[in-house]
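Worksheet for the structure shown next.
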Amino acid sequence: MIYRAVLGAVLAAGCFLPAQADDMDPASTKQLHDYVLTLPKVMAYDKGYESLVGAAKADPSLKADYQAASAEHTKTMDDEVAKMTHHPRTYAFFVKQGLTKQDAVMLPLALMGGCMVAQYPTAAKGMAAQTSSQQADFCKQNQATVHSLKFVNGG
């Protein structure tokens, strides 16, 4: 259930989605695998996301920037991180929460992978290159918090 909620949130947010993991180059796969999830970062991301969504509802130009970021497809994590430079208004909501460009890109993807492995342990082998045991353990240990996140629930 956590995986479905996180996947839905990542797809709904759509803002920072690089190519699917199967399409990622080895360097991007390693970057995603090595990304460390922490509760303060996850909570900061959620607050940034909530602020962005609220502001985008009231500001059509921000909504357009957010949608443009979603439509700008990339092939590597480095390209995805660089995309934040093209959309500074959207990224600013995450900066205000103390997050880096890497956090804004990798956190929802690492959380999605970790929660999928936590919920479906048989997926761990197939996702081992991109999802660490730390990410899966984080989801197991913080299940209630993950369920309450606005960006997970599409709020």
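Identifiers in this document derive from the order of the structure tokens: chains are assigned A, B, ..., residues are numbered from 1 separately in each chain, and ligands are numbered from 1 in order of occurrence.
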**Q.** Picked from chain A by DSSP as alpha helix (DSSP H), as a PyMOL selection string
**A.** chain A and resi 2-13+26-34+39-58+60-71+77-86+88-95+101-119+124-127+133-141+143-148+150-153
Q | For A:Lys30, the nearest of the candidates A:Met77, A:Glu50, A:Asp103, A:Val152, counting only C-alpha atoms | A |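 Closest residue, counting only C-alpha atoms: A:Met77.
Using only C-alpha atoms, the protein and nucleic acid residues lying no more than 12 Å from A:Ser61, apart from those fewer than 6 places from it along its own chain, are Ala55, Gln67, Ala68, His87, Arg89 and Thr90 of chain A.
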Keeping only N, CA and C atoms, take the residues you just selected and write them out as a PDB file, in the first residue's frame.
ATOM      1  N   ALA A  55       0.781  27.165  -3.835  1.00  0.00           N
ATOM      2  CA  ALA A  55       1.115  28.385  -4.580  1.00  0.00           C
ATOM      3  C   ALA A  55       0.761  28.241  -6.056  1.00  0.00           C
ATOM      4  N   GLN A  67       4.492  22.663 -14.573  1.00  0.00           N
ATOM      5  CA  GLN A  67       4.130  21.741 -15.644  1.00  0.00           C
ATOM      6  C   GLN A  67       5.240  21.627 -16.684  1.00  0.00           C
ATOM      7  N   ALA A  68       5.922  22.735 -16.959  1.00  0.00           N
ATOM      8  CA  ALA A  68       7.047  22.703 -17.899  1.00  0.00           C
ATOM      9  C   ALA A  68       8.167  21.817 -17.354  1.00  0.00           C
ATOM     10  N   HIS A  87      14.193  25.714 -13.873  1.00  0.00           N
ATOM     11  CA  HIS A  87      12.903  25.976 -13.222  1.00  0.00           C
ATOM     12  C   HIS A  87      13.118  26.452 -11.775  1.00  0.00           C
ATOM     13  N   ARG A  89      11.829  28.830 -10.035  1.00  0.00           N
ATOM     14  CA  ARG A  89      10.643  29.162  -9.221  1.00  0.00           C
ATOM     15  C   ARG A  89      10.075  27.906  -8.573  1.00  0.00           C
ATOM     16  N   THR A  90      10.053  26.823  -9.313  1.00  0.00           N
ATOM     17  CA  THR A  90       9.558  25.563  -8.771  1.00  0.00           C
ATOM     18  C   THR A  90      10.522  25.026  -7.716  1.00  0.00           C
TER      19      THR A  90
END
**Q.** Selection near stretch 37-39 of chain A, 8 Å with only C-alpha atoms, sequence-local residues under 2 positions removed, as a ChimeraX atom specification
**A.** /A:35,41-43,107,110-111,134-135,138
Q.
Quick check, in Å to one decimal: how far apart do atom CA of A:Gly54 and atom CA of A:His73 lie?
A.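 Between atom CA of A:Gly54 and atom CA of A:His73 the gap is 24.0 Å.
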Q) Restricting the calculation to only C-alpha atoms, which member of A:Met24, A:Cys115, A:Lys125, A:Pro88 is positioned closest to A:Ala144? A) A:Cys115
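Within the 12 Å cut-off around A:Pro40, using only C-alpha atoms and omitting residues fewer than 3 positions from it on the same chain, the listed residues are Val36, Leu37, Met43, Ala44, Tyr45, Asp46, Lys47, Gln97, Gly98, Leu99, Asp103, Leu107, Asn142 and Thr145 of chain A.
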Q.
Env of A:Leu52: 9 Å cut, atoms = only C-alpha atoms, seq-sep filter 3 positions within chain, self excluded. Answer as a list in words.
A. Lys47, Gly48, Tyr49, Ala55, Ala56, Lys57, Leu62, Lys63, Tyr66, Thr90, Tyr91, Ala92, Phe93 and Phe94 of chain A
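Straight-line separation from atom CA of A:Ser133 to atom CA of A:Val146: 16.8 Å.
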